[in-house]
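Raw contents of start.pdb, PDB, C-alpha atoms:
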```pdb
ATOM      1  CA  MET D 772       0.000   0.000   0.000  1.00  0.00           C
ATOM      2  CA  THR D 773       1.386   3.381  -0.913  1.00  0.00           C
ATOM      3  CA  GLU D 774       0.992   6.359   1.316  1.00  0.00           C
ATOM      4  CA  GLU D 775      -0.123   9.660  -0.209  1.00  0.00           C
ATOM      5  CA  ARG D 776       2.212  12.529   0.505  1.00  0.00           C
ATOM      6  CA  ASP D 777       1.489  16.199   0.762  1.00  0.00           C
ATOM      7  CA  PRO D 778       3.271  18.000  -2.109  1.00  0.00           C
ATOM      8  CA  MET D 779       3.990  20.902   0.228  1.00  0.00           C
ATOM      9  CA  GLN D 780       6.058  18.520   2.367  1.00  0.00           C
ATOM     10  CA  ALA D 781       8.412  18.121  -0.597  1.00  0.00           C
ATOM     11  CA  VAL D 782       8.411  21.884  -1.149  1.00  0.00           C
ATOM     12  CA  ASN D 783       9.389  22.512   2.471  1.00  0.00           C
ATOM     13  CA  ALA D 784      12.181  19.948   2.213  1.00  0.00           C
ATOM     14  CA  ALA D 785      13.438  21.648  -0.952  1.00  0.00           C
ATOM     15  CA  ARG D 786      13.375  25.023   0.808  1.00  0.00           C
ATOM     16  CA  ASP D 787      15.482  23.566   3.618  1.00  0.00           C
ATOM     17  CA  VAL D 788      18.020  22.239   1.108  1.00  0.00           C
ATOM     18  CA  LEU D 789      18.193  25.618  -0.655  1.00  0.00           C
ATOM     19  CA  LYS D 790      18.726  27.403   2.655  1.00  0.00           C
ATOM     20  CA  ASP D 791      21.585  25.041   3.539  1.00  0.00           C
ATOM     21  CA  ALA D 792      23.112  25.544   0.093  1.00  0.00           C
ATOM     22  CA  LYS D 793      22.889  29.310   0.518  1.00  0.00           C
ATOM     23  CA  ASP D 794      24.705  29.067   3.868  1.00  0.00           C
ATOM     24  CA  ILE D 795      27.463  26.938   2.307  1.00  0.00           C
ATOM     25  CA  LEU D 796      27.894  29.357  -0.598  1.00  0.00           C
ATOM     26  CA  GLU D 797      28.207  32.278   1.813  1.00  0.00           C
ATOM     27  CA  LEU D 798      30.960  30.432   3.679  1.00  0.00           C
ATOM     28  CA  LEU D 799      32.752  29.649   0.410  1.00  0.00           C
ATOM     29  CA  TYR D 800      32.521  33.292  -0.620  1.00  0.00           C
ATOM     30  CA  LEU D 801      34.026  34.405   2.677  1.00  0.00           C
ATOM     31  CA  ALA D 802      36.737  31.749   2.435  1.00  0.00           C
ATOM     32  CA  GLY D 803      37.602  32.844  -1.095  1.00  0.00           C
ATOM     33  CA  ASN D 804      37.891  36.478  -0.051  1.00  0.00           C
ATOM     34  CA  GLY D 805      40.098  35.486   2.880  1.00  0.00           C
ATOM     35  CA  GLU D 806      42.359  33.285   0.760  1.00  0.00           C
ATOM     36  CA  GLY D 807      43.516  35.906  -1.713  1.00  0.00           C
ATOM     37  CA  GLY D 808      45.406  35.296  -4.946  1.00  0.00           C
ATOM     38  CA  PRO D 809      44.193  33.163  -7.831  1.00  0.00           C
ATOM     39  CA  THR D 810      42.900  30.407  -5.560  1.00  0.00           C
ATOM     40  CA  GLY D 811      40.783  32.829  -3.559  1.00  0.00           C
ATOM     41  CA  ALA D 812      39.502  34.443  -6.734  1.00  0.00           C
ATOM     42  CA  ALA D 813      38.485  31.051  -8.111  1.00  0.00           C
ATOM     43  CA  ILE D 814      36.699  30.104  -4.884  1.00  0.00           C
ATOM     44  CA  THR D 815      34.909  33.456  -4.785  1.00  0.00           C
ATOM     45  CA  ARG D 816      33.871  33.196  -8.449  1.00  0.00           C
ATOM     46  CA  GLY D 817      32.596  29.662  -7.875  1.00  0.00           C
ATOM     47  CA  ALA D 818      30.524  30.876  -4.927  1.00  0.00           C
ATOM     48  CA  ILE D 819      29.071  33.694  -7.037  1.00  0.00           C
ATOM     49  CA  LEU D 820      28.155  31.279  -9.834  1.00  0.00           C
ATOM     50  CA  GLY D 821      26.657  28.926  -7.277  1.00  0.00           C
ATOM     51  CA  GLN D 822      24.560  31.767  -5.891  1.00  0.00           C
ATOM     52  CA  GLU D 823      23.258  32.539  -9.372  1.00  0.00           C
ATOM     53  CA  ALA D 824      22.286  28.881  -9.842  1.00  0.00           C
ATOM     54  CA  LEU D 825      20.639  28.916  -6.427  1.00  0.00           C
ATOM     55  CA  GLU D 826      18.537  31.930  -7.405  1.00  0.00           C
ATOM     56  CA  LEU D 827      17.336  30.044 -10.492  1.00  0.00           C
ATOM     57  CA  ALA D 828      16.454  27.037  -8.326  1.00  0.00           C
ATOM     58  CA  GLU D 829      14.523  29.275  -5.923  1.00  0.00           C
ATOM     59  CA  GLY D 830      12.566  30.736  -8.844  1.00  0.00           C
ATOM     60  CA  THR D 831      11.792  27.258 -10.126  1.00  0.00           C
ATOM     61  CA  LEU D 832      10.608  26.193  -6.686  1.00  0.00           C
ATOM     62  CA  LYS D 833       8.389  29.275  -6.441  1.00  0.00           C
ATOM     63  CA  ALA D 834       6.849  28.463  -9.826  1.00  0.00           C
ATOM     64  CA  ALA D 835       6.196  24.894  -8.676  1.00  0.00           C
ATOM     65  CA  VAL D 836       4.494  26.144  -5.514  1.00  0.00           C
ATOM     66  CA  ASP D 837       2.387  28.541  -7.577  1.00  0.00           C
ATOM     67  CA  MET D 838       1.292  25.642  -9.792  1.00  0.00           C
ATOM     68  CA  LEU D 839       0.485  23.446  -6.787  1.00  0.00           C
ATOM     69  CA  THR D 840      -1.551  26.159  -5.122  1.00  0.00           C
ATOM     70  CA  GLY D 841      -3.297  27.329  -8.285  1.00  0.00           C
ATOM     71  CA  ARG D 842      -1.628  30.747  -8.340  1.00  0.00           C
ATOM     72  CA  ALA D 843       0.275  30.134 -11.582  1.00  0.00           C
ATOM     73  CA  THR D 844      -0.323  32.495 -14.469  1.00  0.00           C
ATOM     74  CA  ALA D 845      -0.053  31.599 -18.121  1.00  0.00           C
TER      75      ALA D 845
END
```

What would you get if you wrote out this structure as structure tokens?
Amino acid sequence: MTEERDPMQAVNAARDVLKDAKDILELLYLAGNGEGGPTGAAITRGAILGQEALELAEGTLKAAVDMLTGRATA
């Protein structure tokens, strides 16, 4: 027998993952700035690119929530 799951439970789990990822990227950014030189610049740039990807993921999650709750627009 399969148990039905609330879609919002998955949304909340995804939000938790995104929050953790954001915290990790902030730490990487700070580490890159503290490192200096080419290595620090690479770490910082990676954190910035990661943040941009995270923003896209957050937008995708918001669109999914809007679809689940019937607030999506065409």

Quick one: residues within 12 Å of D:Ile819, only C-alpha atoms, excluding same-chain residues fewer than 2 positions away - as a list in words?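 Near neighbours after the sequence-gap exclusion: Lys793, Ile795, Leu796, Glu797, Leu798, Leu799, Tyr800, Leu801, Gly803, Asn804, Ala812, Ala813, Ile814, Thr815, Arg816, Gly817, Gly821, Gln822, Glu823, Ala824, Leu825 and Glu826 of chain D.
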
Pick the closest to D:Ala784 from D:Leu832, D:Leu827, D:Ala818, D:Ala802: which is it, counting only C-alpha atoms?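 Among the listed residues, the smallest separation from D:Ala784 belongs to D:Leu832.
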
Atom CA of D:Asp777 to atom CA of D:Gly841, straight-line distance in Å: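 Those two atoms sit 15.1 Å apart.
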
Please write out, as JSON, where the centre of an axis-aligned box around all listed atoms of stretch 791-807 of chain D lies and how long its edges are, in Å to one decimal, after adding 8 Å on each side.
```
{"center_x": 32.6, "center_y": 30.8, "center_z": 1.1, "size_x": 37.9, "size_y": 27.4, "size_z": 21.6}
```

Separating atom CA of D:Lys833 from atom CA of D:Pro778, to the nearest tenth of an Å, is a gap of 13.1 Å

Just the residues within 9 Å of D:Val782, please, counting all atoms listed in the file, with nothing from its chain fewer than 5 positions along; format it as a list of chain:residue names.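 Close residues of D:Val782: D:Asp787, D:Leu832, D:Ala835, D:Val836.
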
In Å, how far is it from atom CA of D:Thr840 to atom CA of D:Met779? 9.3 Å

Quick one: stretch 822-834 of chain D with N, CA, C and O atoms, as a PDB file, keeping the file's coordinate frame?
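Written output follows (result.pdb):
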```pdb
ATOM      1  N   GLN D 822      25.661  30.930  -6.358  1.00  0.00           N
ATOM      2  CA  GLN D 822      24.560  31.767  -5.891  1.00  0.00           C
ATOM      3  C   GLN D 822      23.588  32.066  -7.030  1.00  0.00           C
ATOM      4  O   GLN D 822      22.372  32.054  -6.838  1.00  0.00           O
ATOM      5  N   GLU D 823      24.125  32.298  -8.222  1.00  0.00           N
ATOM      6  CA  GLU D 823      23.258  32.539  -9.372  1.00  0.00           C
ATOM      7  C   GLU D 823      22.414  31.299  -9.688  1.00  0.00           C
ATOM      8  O   GLU D 823      21.215  31.411  -9.971  1.00  0.00           O
ATOM      9  N   ALA D 824      23.026  30.127  -9.611  1.00  0.00           N
ATOM     10  CA  ALA D 824      22.286  28.881  -9.842  1.00  0.00           C
ATOM     11  C   ALA D 824      21.228  28.679  -8.757  1.00  0.00           C
ATOM     12  O   ALA D 824      20.116  28.223  -9.034  1.00  0.00           O
ATOM     13  N   LEU D 825      21.571  29.036  -7.546  1.00  0.00           N
ATOM     14  CA  LEU D 825      20.639  28.916  -6.427  1.00  0.00           C
ATOM     15  C   LEU D 825      19.427  29.820  -6.633  1.00  0.00           C
ATOM     16  O   LEU D 825      18.292  29.423  -6.367  1.00  0.00           O
ATOM     17  N   GLU D 826      19.650  31.014  -7.137  1.00  0.00           N
ATOM     18  CA  GLU D 826      18.537  31.930  -7.405  1.00  0.00           C
ATOM     19  C   GLU D 826      17.604  31.357  -8.474  1.00  0.00           C
ATOM     20  O   GLU D 826      16.381  31.481  -8.372  1.00  0.00           O
ATOM     21  N   LEU D 827      18.167  30.697  -9.476  1.00  0.00           N
ATOM     22  CA  LEU D 827      17.336  30.044 -10.492  1.00  0.00           C
ATOM     23  C   LEU D 827      16.529  28.909  -9.871  1.00  0.00           C
ATOM     24  O   LEU D 827      15.339  28.740 -10.166  1.00  0.00           O
ATOM     25  N   ALA D 828      17.152  28.138  -8.998  1.00  0.00           N
ATOM     26  CA  ALA D 828      16.454  27.037  -8.326  1.00  0.00           C
ATOM     27  C   ALA D 828      15.321  27.569  -7.445  1.00  0.00           C
ATOM     28  O   ALA D 828      14.234  26.987  -7.396  1.00  0.00           O
ATOM     29  N   GLU D 829      15.569  28.677  -6.760  1.00  0.00           N
ATOM     30  CA  GLU D 829      14.523  29.275  -5.923  1.00  0.00           C
ATOM     31  C   GLU D 829      13.343  29.735  -6.775  1.00  0.00           C
ATOM     32  O   GLU D 829      12.184  29.568  -6.395  1.00  0.00           O
ATOM     33  N   GLY D 830      13.625  30.309  -7.937  1.00  0.00           N
ATOM     34  CA  GLY D 830      12.566  30.736  -8.844  1.00  0.00           C
ATOM     35  C   GLY D 830      11.768  29.552  -9.371  1.00  0.00           C
ATOM     36  O   GLY D 830      10.536  29.613  -9.488  1.00  0.00           O
ATOM     37  N   THR D 831      12.462  28.467  -9.665  1.00  0.00           N
ATOM     38  CA  THR D 831      11.792  27.258 -10.126  1.00  0.00           C
ATOM     39  C   THR D 831      10.901  26.688  -9.034  1.00  0.00           C
ATOM     40  O   THR D 831       9.770  26.268  -9.288  1.00  0.00           O
ATOM     41  N   LEU D 832      11.403  26.684  -7.809  1.00  0.00           N
ATOM     42  CA  LEU D 832      10.608  26.193  -6.686  1.00  0.00           C
ATOM     43  C   LEU D 832       9.369  27.062  -6.477  1.00  0.00           C
ATOM     44  O   LEU D 832       8.269  26.554  -6.257  1.00  0.00           O
ATOM     45  N   LYS D 833       9.532  28.372  -6.596  1.00  0.00           N
ATOM     46  CA  LYS D 833       8.389  29.275  -6.441  1.00  0.00           C
ATOM     47  C   LYS D 833       7.344  28.994  -7.522  1.00  0.00           C
ATOM     48  O   LYS D 833       6.140  28.949  -7.234  1.00  0.00           O
ATOM     49  N   ALA D 834       7.785  28.777  -8.741  1.00  0.00           N
ATOM     50  CA  ALA D 834       6.849  28.463  -9.826  1.00  0.00           C
ATOM     51  C   ALA D 834       6.124  27.153  -9.546  1.00  0.00           C
ATOM     52  O   ALA D 834       4.915  27.041  -9.803  1.00  0.00           O
TER      53      ALA D 834
END
```
